[in-house]
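Q: Handing over start20.cif, mmCIF, C-alpha atoms.
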data_coords
#
loop_
_atom_site.group_PDB
_atom_site.id
_atom_site.type_symbol
_atom_site.label_atom_id
_atom_site.label_comp_id
_atom_site.auth_asym_id
_atom_site.auth_seq_id
_atom_site.Cartn_x
_atom_site.Cartn_y
_atom_site.Cartn_z
ATOM 1 C CA MET A 1 47.784 60.732 0.917
ATOM 2 C CA PHE A 2 50.851 58.705 2.017
ATOM 3 C CA ALA A 3 52.264 61.437 4.214
ATOM 4 C CA LEU A 4 51.554 62.221 7.810
ATOM 5 C CA ASN A 5 50.806 65.903 7.405
ATOM 6 C CA GLU A 6 50.706 68.399 10.254
ATOM 7 C CA THR A 7 46.938 68.169 10.595
ATOM 8 C CA LEU A 8 47.066 64.389 10.926
ATOM 9 C CA GLN A 9 49.902 64.634 13.478
ATOM 10 C CA GLN A 10 47.679 66.728 15.732
ATOM 11 C CA LEU A 11 44.861 64.166 15.803
ATOM 12 C CA PRO A 12 44.407 61.569 18.529
ATOM 13 C CA LYS A 13 45.863 58.229 17.460
ATOM 14 C CA THR A 14 42.401 56.670 17.027
ATOM 15 C CA GLU A 15 41.491 59.376 14.503
ATOM 16 C CA VAL A 16 44.766 58.808 12.639
ATOM 17 C CA TYR A 17 43.764 55.158 12.252
ATOM 18 C CA ASP A 18 40.266 56.189 11.151
ATOM 19 C CA GLU A 19 41.876 58.256 8.385
ATOM 20 C CA LEU A 20 44.230 55.401 7.479
ATOM 21 C CA HIS A 21 41.219 53.098 7.235
ATOM 22 C CA ARG A 22 39.494 55.517 4.836
ATOM 23 C CA GLN A 23 42.627 55.752 2.698
ATOM 24 C CA ALA A 24 43.117 51.970 2.732
ATOM 25 C CA ARG A 25 39.511 51.397 1.627
ATOM 26 C CA GLY A 26 40.197 53.650 -1.360
ATOM 27 C CA LEU A 27 43.418 51.824 -2.231
ATOM 28 C CA LEU A 28 41.929 48.339 -1.922
ATOM 29 C CA ASP A 29 38.519 49.064 -3.440
ATOM 30 C CA GLY A 30 37.920 46.857 -6.474
ATOM 31 C CA GLU A 31 41.284 45.075 -6.261
ATOM 32 C CA ARG A 32 41.197 41.435 -5.139
ATOM 33 C CA ASP A 33 44.838 40.437 -5.642
ATOM 34 C CA PRO A 34 46.373 39.916 -2.174
ATOM 35 C CA ILE A 35 49.923 40.759 -3.272
ATOM 36 C CA ALA A 36 48.866 44.060 -4.854
ATOM 37 C CA ASN A 37 46.754 44.872 -1.802
ATOM 38 C CA ALA A 38 49.567 43.960 0.602
ATOM 39 C CA ALA A 39 51.977 46.161 -1.358
ATOM 40 C CA ASN A 40 49.671 49.167 -1.195
ATOM 41 C CA LEU A 41 48.833 48.640 2.472
ATOM 42 C CA ALA A 42 52.528 48.310 3.401
ATOM 43 C CA ALA A 43 53.286 51.540 1.523
ATOM 44 C CA LEU A 44 50.378 53.364 3.156
ATOM 45 C CA LEU A 45 51.494 52.353 6.646
ATOM 46 C CA TYR A 46 55.184 53.051 6.056
ATOM 47 C CA TRP A 47 54.648 56.489 4.563
ATOM 48 C CA THR A 48 51.870 57.577 6.928
ATOM 49 C CA LEU A 49 52.672 56.340 10.425
ATOM 50 C CA PRO A 50 55.488 58.125 12.245
ATOM 51 C CA ASP A 51 58.615 56.440 13.555
ATOM 52 C CA LEU A 52 58.585 53.287 11.439
ATOM 53 C CA ASN A 53 61.640 51.810 9.802
ATOM 54 C CA TRP A 54 59.849 48.799 8.284
ATOM 55 C CA ALA A 55 56.270 47.863 7.352
ATOM 56 C CA GLY A 56 55.309 44.755 5.478
ATOM 57 C CA PHE A 57 53.937 41.284 5.216
ATOM 58 C CA TYR A 58 55.146 37.743 5.624
ATOM 59 C CA PHE A 59 53.031 34.936 4.195
ATOM 60 C CA LEU A 60 52.872 31.348 5.380
ATOM 61 C CA SER A 61 54.305 29.308 2.515
ATOM 62 C CA GLN A 62 54.438 26.025 4.428
ATOM 63 C CA PRO A 63 52.902 25.109 7.775
ATOM 64 C CA ASP A 64 56.190 25.906 9.511
ATOM 65 C CA GLU A 65 57.653 28.838 7.567
ATOM 66 C CA LEU A 66 56.872 32.473 6.786
ATOM 67 C CA VAL A 67 58.206 33.989 3.559
ATOM 68 C CA LEU A 68 58.760 37.675 2.917
ATOM 69 C CA GLY A 69 55.992 39.496 1.065
ATOM 70 C CA PRO A 70 55.527 43.123 0.010
ATOM 71 C CA PHE A 71 57.191 45.649 2.306
ATOM 72 C CA HIS A 72 58.769 49.104 2.647
ATOM 73 C CA GLY A 73 62.040 49.622 4.455
ATOM 74 C CA LYS A 74 65.482 48.046 4.399
ATOM 75 C CA PRO A 75 65.955 44.550 2.966
ATOM 76 C CA ALA A 76 64.546 41.967 5.346
ATOM 77 C CA CYS A 77 64.898 38.365 6.419
ATOM 78 C CA VAL A 78 63.366 36.224 3.686
ATOM 79 C CA ARG A 79 62.303 33.179 5.713
ATOM 80 C CA ILE A 80 61.185 32.983 9.344
ATOM 81 C CA PRO A 81 60.405 29.673 11.049
ATOM 82 C CA VAL A 82 57.039 29.542 12.822
ATOM 83 C CA GLY A 83 57.700 29.897 16.533
ATOM 84 C CA ARG A 84 60.892 31.969 16.109
ATOM 85 C CA GLY A 85 61.134 35.712 16.490
ATOM 86 C CA VAL A 86 58.204 38.037 16.944
ATOM 87 C CA CYS A 87 56.599 37.126 13.586
ATOM 88 C CA GLY A 88 56.956 33.386 14.106
ATOM 89 C CA THR A 89 55.581 33.709 17.644
ATOM 90 C CA ALA A 90 52.533 35.636 16.401
ATOM 91 C CA VAL A 91 51.760 32.765 14.016
ATOM 92 C CA ALA A 92 52.434 30.020 16.582
ATOM 93 C CA GLN A 93 50.181 31.708 19.146
ATOM 94 C CA CYS A 94 47.653 33.151 16.636
ATOM 95 C CA LYS A 95 47.955 36.332 18.671
ATOM 96 C CA THR A 96 49.029 39.931 18.072
ATOM 97 C CA GLN A 97 52.449 40.719 19.508
ATOM 98 C CA ILE A 98 53.351 44.162 20.883
ATOM 99 C CA VAL A 99 57.037 44.168 21.793
ATOM 100 C CA ALA A 100 58.439 47.239 23.537
ATOM 101 C CA ASP A 101 62.075 46.080 23.269
ATOM 102 C CA VAL A 102 62.844 43.494 20.602
ATOM 103 C CA HIS A 103 66.330 42.955 22.040
ATOM 104 C CA ALA A 104 64.702 41.555 25.190
ATOM 105 C CA PHE A 105 62.359 39.260 23.203
ATOM 106 C CA PRO A 106 63.479 35.600 23.426
ATOM 107 C CA GLY A 107 64.545 34.345 20.008
ATOM 108 C CA HIS A 108 64.284 37.752 18.329
ATOM 109 C CA ILE A 109 65.521 37.697 14.723
ATOM 110 C CA ALA A 110 67.408 40.920 14.010
ATOM 111 C CA CYS A 111 66.813 41.687 10.332
ATOM 112 C CA ASP A 112 67.657 45.351 11.032
ATOM 113 C CA ALA A 113 69.722 46.084 14.138
ATOM 114 C CA ALA A 114 68.173 49.578 14.251
ATOM 115 C CA SER A 115 64.741 48.155 15.099
ATOM 116 C CA ARG A 116 63.865 48.517 18.765
ATOM 117 C CA SER A 117 60.134 47.768 18.978
ATOM 118 C CA GLU A 118 57.710 45.739 16.910
ATOM 119 C CA LEU A 119 54.023 45.149 16.284
ATOM 120 C CA VAL A 120 52.980 41.924 14.551
ATOM 121 C CA ILE A 121 49.382 41.055 13.684
ATOM 122 C CA PRO A 122 48.542 37.567 12.405
ATOM 123 C CA LEU A 123 46.451 37.293 9.245
ATOM 124 C CA LEU A 124 43.665 34.928 10.332
ATOM 125 C CA TRP A 125 41.121 33.909 7.699
ATOM 126 C CA ASN A 126 38.518 31.109 7.826
ATOM 127 C CA ASP A 127 40.381 29.152 10.508
ATOM 128 C CA ARG A 128 43.639 29.544 8.561
ATOM 129 C CA THR A 129 46.701 31.582 9.347
ATOM 130 C CA LEU A 130 47.869 33.223 6.130
ATOM 131 C CA GLY A 131 50.797 35.220 7.509
ATOM 132 C CA VAL A 132 51.444 38.435 9.426
ATOM 133 C CA LEU A 133 51.553 42.195 9.125
ATOM 134 C CA ASP A 134 54.829 43.345 10.683
ATOM 135 C CA LEU A 135 55.725 46.907 11.750
ATOM 136 C CA ASP A 136 59.138 47.842 13.156
ATOM 137 C CA SER A 137 60.311 51.053 14.796
ATOM 138 C CA PRO A 138 63.730 52.410 15.732
ATOM 139 C CA LEU A 139 62.124 53.736 18.945
ATOM 140 C CA PRO A 140 61.627 51.572 22.014
ATOM 141 C CA ASP A 141 58.029 51.135 23.163
ATOM 142 C CA ARG A 142 56.650 52.708 19.944
ATOM 143 C CA PHE A 143 53.503 50.546 19.734
ATOM 144 C CA ASP A 144 50.539 50.283 22.084
ATOM 145 C CA PRO A 145 47.078 48.670 22.112
ATOM 146 C CA THR A 146 45.667 51.567 20.043
ATOM 147 C CA ASP A 147 48.192 50.774 17.295
ATOM 148 C CA ALA A 148 47.313 47.084 17.540
ATOM 149 C CA ALA A 149 43.580 47.822 17.258
ATOM 150 C CA GLY A 150 44.025 50.299 14.389
ATOM 151 C CA CYS A 151 46.313 47.989 12.424
ATOM 152 C CA GLY A 152 44.052 45.061 13.262
ATOM 153 C CA GLN A 153 41.167 46.867 11.554
ATOM 154 C CA LEU A 154 43.387 47.476 8.514
ATOM 155 C CA VAL A 155 44.263 43.770 8.450
ATOM 156 C CA GLU A 156 40.549 42.908 8.496
ATOM 157 C CA LEU A 157 39.947 45.268 5.573
ATOM 158 C CA PHE A 158 42.847 43.624 3.712
ATOM 159 C CA LEU A 159 41.564 40.109 4.475
ATOM 160 C CA HIS A 160 37.988 40.854 3.406
ATOM 161 C CA GLY A 161 39.072 42.639 0.222
ATOM 162 C CA SER A 162 41.529 40.065 -1.102
ATOM 163 C CA ASP A 163 41.098 36.735 -2.865
ATOM 164 C CA PHE A 164 43.376 34.308 -1.052
ATOM 165 C CA THR A 165 42.867 31.496 -3.512
ATOM 166 C CA LYS A 166 45.713 33.251 -5.381
ATOM 167 C CA LEU A 167 48.229 32.630 -2.575
#
As a first step, turn the structure in this file into structure tokens.

A:
Amino acid sequence: MFALNETLQQLPKTEVYDELHRQARGLLDGERDPIANAANLAALLYWTLPDLNWAGFYFLSQPDELVLGPFHGKPACVRIPVGRGVCGTAVAQCKTQIVADVHAFPGHIACDAASRSELVIPLLWNDRTLGVLDLDSPLPDRFDPTDAAGCGQLVELFLHGSDFTKL
């Protein structure tokens, strides 16, 4: 667990996400705290998926601001205004963002200059936006719709397994 072993590297990407989903279910099973679950999910993604330099969560603390949550990687921007950067855009549009080149993204916020591509999935629960799952890569064009779908399923598992009255 937590390492992309040679066997996993040889699998099609959809099967890698199937395995990640199985591992995430085991990590989240019986735990309802969203911060603990976010921490474990961020660690699982960071240590399992190849070519990431950051994996973590931002939570909506006010209607117009995301605040850093559990993550793995270099220190990150603490606050992101809704509508700014890839994370803020995902919240404003309530839509997953796949960005092949973050340097070409209007309003990109460079927390780590080494990041080249990004995948951001909004956390949508009961007509509320709770925050985002954010993945960064030092490679351009690292993420595709298969990554978005696989991580989207992990987000759903996280949302259904956590008690958000604690946020």

Q: Using the chain letters and numbers from this file, what does the PyMOL selection byres ((chain A and resi 36) around 12) select? Give the answer as a list in words.

A: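 In the shown coordinates, the PyMOL selection byres ((chain A and resi 36) around 12) covers Leu27, Leu28, Asp29, Gly30, Glu31, Arg32, Asp33, Pro34, Ile35, Asn37, Ala38, Ala39, Asn40, Leu41, Ala42, Ala43, Phe57, Gly69, Pro70, Phe71, Phe158, Gly161, Ser162, Asp163, Phe164, Lys166 and Leu167 of chain A.
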
Q: Between A:Leu130, A:Val16, A:Ala114, A:Ile98, which residue has the minimum interatomic distance to Val67 in chain A, considering only C-alpha atoms?

A: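 Residue with the minimum atom-to-atom distance to Val67 in chain A: A:Leu130.
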
Q: Work out how far CA of Glu156 in chain A is from CA of Ile121 in chain A, in Å to one decimal.

A: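 Computing it gives 10.4 Å between the two atoms.
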
Q: Please indicate the distance in Å from CA of Tyr46 in chain A to CA of Leu68 in chain A, rounded to one decimal place.

A: 16.1 Å

Q: Find the spatial neighbours of range 92-95 of chain A, counting all atoms listed in the file, within a cut-off of 10 Å - ignore same-chain residues fewer than 5 positions away - and output them as a list in words.

A: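 Residues near the query, excluding close chain neighbours: Asp64, Pro81, Val82, Gly83, Arg84, Val86, Cys87, Val120, Ile121, Pro122, Leu123, Leu124, Arg128, Thr129, Gly131 and Val132 of chain A.
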